[in-house]
Amino acid sequence: MNNENEIIEDLKNWKELIKPYATPEKKLARTQIYNTFLPFIALVVAAAIVYEYSVWGSVLISVLAGLFLTRVFIIQHDCGHQSFFPDRKLNDTMGFISSLVTCIPYKYWARSHNHHHAHQGQLDTRTIGDVTLLTVKEYKELTSWGKLKYRIYRSVPVMFIIGPVYYIFIHNRIPFIKFKGWDKERKHLVLTNFYLLAFYFILALVMSIPSFDLLYGIKKLAIVYIPVLLTFVFTAIWFFYMQHQHNPNYKAWKQDWQFLLAAIRGSSYYKLPKIFNFFTGNIGYHHLHHLAPKIPFYKLEKCCKDNPIFQKHVATITLLSSVKYAFYTLWDEENYRMVTFRQLKKIPVKA
């Protein structure tokens, strides 16, 4: 609690600190489009050409294109926050264009993600935009079947291999969220599916040139583009998961929950090599992004460097140290930390 009070005191003027950076700029935004979409398109075209000579060579190029697709998604992500361009119409247009190549429905996903931002770390609300997380007490109250299902769900193969495939090909194709007031977003998801069918049908036709053998074009498109999508979604899921499952952490019930603490303690700073910061659009500065989603990704690093106070209380993780977080599966309310199933046996539950 003393540490939480110190955070609140140190960052009492955080809104003033972030104000100069929460200003999207057209010129900087266009630069991100050029250095993201141009190499992405060039690599996909190169993969399609190389496919005629070497399937494995094509796949290797597609993997690199997938890293650029991760950056395309960050552009879409910022458009969903209305923080990429200063103009709403430009954000929505760019967000929709990005969704055609990411296969993530723009408006539906953006609303669920904004819900995640508004409730991240809030134990009352763990249903939208988050990995399902149980407290130790909740887990121990489950039936044997319930415990088995949760263990399977939170296992490494499901979370990082099966999960990403399900997420890209099923979860974002069906409007699972049935909340009142989501009619427009559900409609947009369904329409996006039709747009994607039309878009990739045209791409398959293009890839079938000069024979115009549609089946050949579909096969070629699948071999070229599925590795692109999988590279992107495996990367995205890994980074999203790691940046909320670390220790120390912050989770609280709604009556005690505080936005500032959820952002600074409930999100991490992923200290990455510069090349990874490029491909992930500086999403490693996740604590600052959660505190101020209106800061465009191309200004996150500068904001943190200009204001080191934002780094003082955050959990800093690295690629190596983050591996252990893949096994953190439960929230221990009594000890205020994430724990593994192996650690669970040593934790008594108070009546």
# chains A, B, ... in the order shown; residues from 1 in each chain; ligands from 1

call {"tool": "residues_around", "arguments": {"residues": "segment 211-217 of chain A", "least_positions_apart": "6", "cutoff": "12 Å", "atoms": "only C-alpha atoms", "output": "NGL selection string"}}
result
:A and (48 or 51-52 or 200-205 or 223-225)

call {"tool": "write_last_selection", "arguments": {"atoms": "all heavy atoms", "output": "mmCIF file, in the first residue's frame"}}
result
data_model
loop_
_atom_site.group_PDB
_atom_site.id
_atom_site.type_symbol
_atom_site.label_atom_id
_atom_site.label_comp_id
_atom_site.auth_asym_id
_atom_site.auth_seq_id
_atom_site.Cartn_x
_atom_site.Cartn_y
_atom_site.Cartn_z
ATOM 1 N N ALA A 48 5.319 -14.258 -53.321
ATOM 2 C CA ALA A 48 4.517 -14.832 -54.405
ATOM 3 C C ALA A 48 5.384 -15.174 -55.610
ATOM 4 O O ALA A 48 5.177 -16.196 -56.278
ATOM 5 C CB ALA A 48 3.416 -13.849 -54.804
ATOM 6 N N TYR A 51 7.681 -18.177 -54.756
ATOM 7 C CA TYR A 51 6.887 -19.412 -54.671
ATOM 8 C C TYR A 51 7.017 -20.265 -55.932
ATOM 9 O O TYR A 51 7.010 -21.497 -55.868
ATOM 10 C CB TYR A 51 5.422 -19.051 -54.435
ATOM 11 C CG TYR A 51 4.475 -20.237 -54.478
ATOM 12 C CD1 TYR A 51 4.276 -21.024 -53.358
ATOM 13 C CD2 TYR A 51 3.789 -20.554 -55.650
ATOM 14 C CE1 TYR A 51 3.410 -22.120 -53.392
ATOM 15 C CE2 TYR A 51 2.929 -21.647 -55.701
ATOM 16 C CZ TYR A 51 2.737 -22.420 -54.571
ATOM 17 O OH TYR A 51 1.890 -23.499 -54.617
ATOM 18 N N GLU A 52 7.146 -19.610 -57.075
ATOM 19 C CA GLU A 52 7.253 -20.331 -58.347
ATOM 20 C C GLU A 52 8.547 -21.138 -58.434
ATOM 21 O O GLU A 52 8.665 -22.064 -59.245
ATOM 22 C CB GLU A 52 7.187 -19.340 -59.515
ATOM 23 C CG GLU A 52 5.933 -18.472 -59.539
ATOM 24 C CD GLU A 52 4.664 -19.280 -59.764
ATOM 25 O OE1 GLU A 52 4.783 -20.395 -60.327
ATOM 26 O OE2 GLU A 52 3.584 -18.829 -59.360
ATOM 27 N N TYR A 200 -9.674 -11.405 -50.716
ATOM 28 C CA TYR A 200 -8.760 -12.532 -50.928
ATOM 29 C C TYR A 200 -9.128 -13.350 -52.168
ATOM 30 O O TYR A 200 -8.263 -14.020 -52.747
ATOM 31 C CB TYR A 200 -8.688 -13.396 -49.668
ATOM 32 C CG TYR A 200 -7.884 -12.702 -48.586
ATOM 33 C CD1 TYR A 200 -8.508 -12.036 -47.541
ATOM 34 C CD2 TYR A 200 -6.497 -12.647 -48.662
ATOM 35 C CE1 TYR A 200 -7.773 -11.353 -46.583
ATOM 36 C CE2 TYR A 200 -5.752 -11.974 -47.711
ATOM 37 C CZ TYR A 200 -6.393 -11.327 -46.670
ATOM 38 O OH TYR A 200 -5.653 -10.644 -45.751
ATOM 39 N N PHE A 201 -10.383 -13.276 -52.604
ATOM 40 C CA PHE A 201 -10.763 -13.883 -53.876
ATOM 41 C C PHE A 201 -10.043 -13.174 -55.023
ATOM 42 O O PHE A 201 -9.499 -13.815 -55.930
ATOM 43 C CB PHE A 201 -12.278 -13.814 -54.076
ATOM 44 C CG PHE A 201 -12.746 -14.350 -55.403
ATOM 45 C CD1 PHE A 201 -12.813 -15.713 -55.624
ATOM 46 C CD2 PHE A 201 -13.089 -13.475 -56.429
ATOM 47 C CE1 PHE A 201 -13.240 -16.209 -56.859
ATOM 48 C CE2 PHE A 201 -13.512 -13.968 -57.659
ATOM 49 C CZ PHE A 201 -13.584 -15.338 -57.874
ATOM 50 N N ILE A 202 -10.018 -11.847 -54.948
ATOM 51 C CA ILE A 202 -9.311 -11.062 -55.970
ATOM 52 C C ILE A 202 -7.819 -11.374 -55.940
ATOM 53 O O ILE A 202 -7.179 -11.537 -56.985
ATOM 54 C CB ILE A 202 -9.569 -9.550 -55.760
ATOM 55 C CG1 ILE A 202 -11.030 -9.219 -56.036
ATOM 56 C CG2 ILE A 202 -8.651 -8.710 -56.660
ATOM 57 C CD1 ILE A 202 -11.439 -7.818 -55.642
ATOM 58 N N LEU A 203 -7.244 -11.466 -54.738
ATOM 59 C CA LEU A 203 -5.823 -11.797 -54.621
ATOM 60 C C LEU A 203 -5.527 -13.179 -55.211
ATOM 61 O O LEU A 203 -4.498 -13.375 -55.872
ATOM 62 C CB LEU A 203 -5.380 -11.764 -53.155
ATOM 63 C CG LEU A 203 -5.112 -10.395 -52.528
ATOM 64 C CD1 LEU A 203 -4.602 -10.562 -51.110
ATOM 65 C CD2 LEU A 203 -4.115 -9.593 -53.343
ATOM 66 N N ALA A 204 -6.434 -14.136 -54.976
ATOM 67 C CA ALA A 204 -6.246 -15.476 -55.528
ATOM 68 C C ALA A 204 -6.273 -15.434 -57.053
ATOM 69 O O ALA A 204 -5.485 -16.132 -57.720
ATOM 70 C CB ALA A 204 -7.324 -16.417 -54.999
ATOM 71 N N LEU A 205 -7.156 -14.616 -57.612
ATOM 72 C CA LEU A 205 -7.207 -14.465 -59.062
ATOM 73 C C LEU A 205 -5.898 -13.885 -59.592
ATOM 74 O O LEU A 205 -5.357 -14.341 -60.601
ATOM 75 C CB LEU A 205 -8.376 -13.556 -59.469
ATOM 76 C CG LEU A 205 -9.773 -14.170 -59.464
ATOM 77 C CD1 LEU A 205 -10.807 -13.102 -59.798
ATOM 78 C CD2 LEU A 205 -9.858 -15.321 -60.466
ATOM 79 N N ILE A 223 -0.445 -20.673 -49.211
ATOM 80 C CA ILE A 223 0.937 -20.971 -48.821
ATOM 81 C C ILE A 223 1.738 -19.691 -48.594
ATOM 82 O O ILE A 223 2.610 -19.631 -47.728
ATOM 83 C CB ILE A 223 1.610 -21.867 -49.884
ATOM 84 C CG1 ILE A 223 0.949 -23.248 -49.879
ATOM 85 C CG2 ILE A 223 3.113 -21.992 -49.624
ATOM 86 C CD1 ILE A 223 1.438 -24.184 -50.953
ATOM 87 N N VAL A 224 1.415 -18.650 -49.356
ATOM 88 C CA VAL A 224 2.118 -17.378 -49.195
ATOM 89 C C VAL A 224 1.615 -16.607 -47.990
ATOM 90 O O VAL A 224 2.408 -16.072 -47.198
ATOM 91 C CB VAL A 224 1.974 -16.506 -50.473
ATOM 92 C CG1 VAL A 224 2.425 -15.061 -50.206
ATOM 93 C CG2 VAL A 224 2.774 -17.105 -51.615
ATOM 94 N N TYR A 225 0.281 -16.574 -47.788
ATOM 95 C CA TYR A 225 -0.255 -15.623 -46.808
ATOM 96 C C TYR A 225 -0.549 -16.209 -45.426
ATOM 97 O O TYR A 225 -0.496 -15.483 -44.434
ATOM 98 C CB TYR A 225 -1.523 -14.945 -47.344
ATOM 99 C CG TYR A 225 -1.713 -13.578 -46.724
ATOM 100 C CD1 TYR A 225 -0.847 -12.529 -47.055
ATOM 101 C CD2 TYR A 225 -2.693 -13.342 -45.772
ATOM 102 C CE1 TYR A 225 -0.979 -11.284 -46.471
ATOM 103 C CE2 TYR A 225 -2.830 -12.098 -45.186
ATOM 104 C CZ TYR A 225 -1.972 -11.076 -45.533
ATOM 105 O OH TYR A 225 -2.095 -9.839 -44.951
#

call {"tool": "residues_around", "arguments": {"residues": "segment 271-283 of chain A", "least_positions_apart": "4", "cutoff": "12 Å", "atoms": "only C-alpha atoms", "output": "count of residues only"}}
result
60

call {"tool": "closest_residue", "arguments": {"among": "A:Asp256, A:Ile218, A:Ile226, A:Leu133", "to": "Tyr153 of chain A", "atoms": "only C-alpha atoms"}}
result
A:Leu133

call {"tool": "closest_residue", "arguments": {"among": "A:Met159, A:Ile177, A:Leu123, A:Leu291", "to": "Ala263 of chain A", "atoms": "only C-alpha atoms"}}
result
A:Leu291

call {"tool": "decode", "arguments": {"residues": "segment 17-54 of chain A", "atoms": "N, CA, C and O atoms", "output": "CSV table (one decimal), in the first residue's frame"}}
result
chain,number,residue,atom,x,y,z
A,17,LEU,N,1.9,15.8,-17.9
A,17,LEU,CA,3.1,15.3,-18.5
A,17,LEU,C,2.9,14.7,-19.9
A,17,LEU,O,3.7,14.8,-20.8
A,18,ILE,N,1.7,14.0,-20.1
A,18,ILE,CA,1.5,13.3,-21.3
A,18,ILE,C,0.9,14.2,-22.4
A,18,ILE,O,0.9,13.9,-23.6
A,19,LYS,N,0.4,15.4,-22.0
A,19,LYS,CA,-0.4,16.3,-22.9
A,19,LYS,C,0.4,16.6,-24.2
A,19,LYS,O,-0.2,16.6,-25.3
A,20,PRO,N,1.7,17.0,-24.1
A,20,PRO,CA,2.4,17.4,-25.3
A,20,PRO,C,2.6,16.2,-26.3
A,20,PRO,O,2.9,16.5,-27.5
A,21,TYR,N,2.4,15.0,-25.8
A,21,TYR,CA,2.6,13.8,-26.7
A,21,TYR,C,1.3,13.2,-27.2
A,21,TYR,O,1.4,12.4,-28.2
A,22,ALA,N,0.2,13.5,-26.6
A,22,ALA,CA,-1.1,13.0,-27.0
A,22,ALA,C,-1.7,13.7,-28.2
A,22,ALA,O,-2.8,14.1,-28.1
A,23,THR,N,-0.8,14.0,-29.1
A,23,THR,CA,-1.2,14.8,-30.3
A,23,THR,C,-0.8,14.1,-31.6
A,23,THR,O,0.4,14.3,-32.0
A,24,PRO,N,-1.6,13.4,-32.2
A,24,PRO,CA,-1.3,12.7,-33.5
A,24,PRO,C,-0.9,13.8,-34.6
A,24,PRO,O,-1.4,14.9,-34.6
A,25,GLU,N,0.1,13.4,-35.4
A,25,GLU,CA,0.5,14.3,-36.5
A,25,GLU,C,0.5,13.6,-37.8
A,25,GLU,O,1.0,12.5,-38.0
A,26,LYS,N,-0.2,14.3,-38.8
A,26,LYS,CA,-0.3,13.6,-40.1
A,26,LYS,C,1.0,13.3,-40.8
A,26,LYS,O,1.2,12.2,-41.3
A,27,LYS,N,2.0,14.2,-40.7
A,27,LYS,CA,3.3,13.9,-41.3
A,27,LYS,C,4.0,12.7,-40.7
A,27,LYS,O,4.5,11.8,-41.4
A,28,LEU,N,4.0,12.6,-39.4
A,28,LEU,CA,4.6,11.4,-38.7
A,28,LEU,C,3.8,10.2,-39.0
A,28,LEU,O,4.4,9.1,-39.2
A,29,ALA,N,2.5,10.3,-39.0
A,29,ALA,CA,1.6,9.1,-39.3
A,29,ALA,C,1.9,8.6,-40.7
A,29,ALA,O,2.0,7.4,-40.9
A,30,ARG,N,2.0,9.5,-41.7
A,30,ARG,CA,2.2,9.1,-43.0
A,30,ARG,C,3.6,8.4,-43.2
A,30,ARG,O,3.7,7.4,-43.9
A,31,THR,N,4.6,8.8,-42.4
A,31,THR,CA,5.9,8.2,-42.4
A,31,THR,C,5.8,6.7,-42.0
A,31,THR,O,6.4,5.8,-42.5
A,32,GLN,N,4.9,6.5,-40.9
A,32,GLN,CA,4.7,5.1,-40.4
A,32,GLN,C,4.1,4.3,-41.5
A,32,GLN,O,4.4,3.1,-41.6
A,33,ILE,N,3.2,4.8,-42.2
A,33,ILE,CA,2.5,4.1,-43.3
A,33,ILE,C,3.5,3.7,-44.4
A,33,ILE,O,3.5,2.5,-44.8
A,34,TYR,N,4.3,4.6,-44.8
A,34,TYR,CA,5.3,4.4,-45.8
A,34,TYR,C,6.3,3.3,-45.4
A,34,TYR,O,6.6,2.3,-46.1
A,35,ASN,N,6.8,3.4,-44.1
A,35,ASN,CA,7.9,2.5,-43.7
A,35,ASN,C,7.3,1.1,-43.2
A,35,ASN,O,8.0,0.3,-42.7
A,36,THR,N,6.0,1.0,-43.3
A,36,THR,CA,5.3,-0.2,-42.9
A,36,THR,C,4.7,-0.9,-44.0
A,36,THR,O,5.0,-2.1,-44.3
A,37,PHE,N,3.8,-0.2,-44.7
A,37,PHE,CA,3.0,-0.9,-45.8
A,37,PHE,C,3.9,-1.1,-47.0
A,37,PHE,O,3.7,-2.2,-47.7
A,38,LEU,N,4.8,-0.2,-47.4
A,38,LEU,CA,5.6,-0.4,-48.6
A,38,LEU,C,6.5,-1.7,-48.5
A,38,LEU,O,6.4,-2.6,-49.4
A,39,PRO,N,7.2,-1.9,-47.4
A,39,PRO,CA,8.0,-3.1,-47.3
A,39,PRO,C,7.1,-4.4,-47.1
A,39,PRO,O,7.4,-5.5,-47.6
A,40,PHE,N,6.0,-4.2,-46.4
A,40,PHE,CA,5.0,-5.3,-46.3
A,40,PHE,C,4.5,-5.8,-47.6
A,40,PHE,O,4.6,-7.0,-47.9
A,41,ILE,N,4.1,-4.9,-48.5
A,41,ILE,CA,3.5,-5.2,-49.8
A,41,ILE,C,4.7,-5.8,-50.6
A,41,ILE,O,4.5,-6.8,-51.3
A,42,ALA,N,5.9,-5.2,-50.6
A,42,ALA,CA,7.0,-5.7,-51.4
A,42,ALA,C,7.4,-7.1,-51.0
A,42,ALA,O,7.6,-8.0,-51.8
A,43,LEU,N,7.3,-7.4,-49.7
A,43,LEU,CA,7.7,-8.8,-49.2
A,43,LEU,C,6.6,-9.8,-49.6
A,43,LEU,O,7.0,-11.0,-50.0
A,44,VAL,N,5.4,-9.4,-49.6
A,44,VAL,CA,4.3,-10.4,-50.0
A,44,VAL,C,4.4,-10.7,-51.5
A,44,VAL,O,4.3,-11.8,-51.9
A,45,VAL,N,4.7,-9.6,-52.3
A,45,VAL,CA,4.9,-9.8,-53.7
A,45,VAL,C,6.1,-10.7,-54.0
A,45,VAL,O,6.1,-11.6,-54.8
A,46,ALA,N,7.2,-10.4,-53.2
A,46,ALA,CA,8.4,-11.2,-53.4
A,46,ALA,C,8.1,-12.7,-53.0
A,46,ALA,O,8.6,-13.6,-53.7
A,47,ALA,N,7.4,-12.9,-52.0
A,47,ALA,CA,7.0,-14.3,-51.6
A,47,ALA,C,6.2,-15.0,-52.7
A,47,ALA,O,6.4,-16.2,-53.0
A,48,ALA,N,5.3,-14.3,-53.3
A,48,ALA,CA,4.5,-14.8,-54.4
A,48,ALA,C,5.4,-15.2,-55.6
A,48,ALA,O,5.2,-16.2,-56.3
A,49,ILE,N,6.4,-14.3,-55.9
A,49,ILE,CA,7.3,-14.6,-57.0
A,49,ILE,C,8.2,-15.8,-56.7
A,49,ILE,O,8.3,-16.7,-57.6
A,50,VAL,N,8.8,-15.8,-55.5
A,50,VAL,CA,9.7,-16.9,-55.2
A,50,VAL,C,9.0,-18.2,-55.1
A,50,VAL,O,9.6,-19.3,-55.3
A,51,TYR,N,7.7,-18.2,-54.8
A,51,TYR,CA,6.9,-19.4,-54.7
A,51,TYR,C,7.0,-20.3,-55.9
A,51,TYR,O,7.0,-21.5,-55.9
A,52,GLU,N,7.1,-19.6,-57.1
A,52,GLU,CA,7.3,-20.3,-58.3
A,52,GLU,C,8.5,-21.1,-58.4
A,52,GLU,O,8.7,-22.1,-59.2
A,53,TYR,N,9.5,-20.8,-57.6
A,53,TYR,CA,10.8,-21.5,-57.7
A,53,TYR,C,11.1,-22.3,-56.4
A,53,TYR,O,11.8,-23.3,-56.5
A,54,SER,N,10.6,-21.8,-55.2
A,54,SER,CA,10.9,-22.5,-54.0
A,54,SER,C,9.8,-22.2,-53.0
A,54,SER,O,9.7,-21.0,-52.5
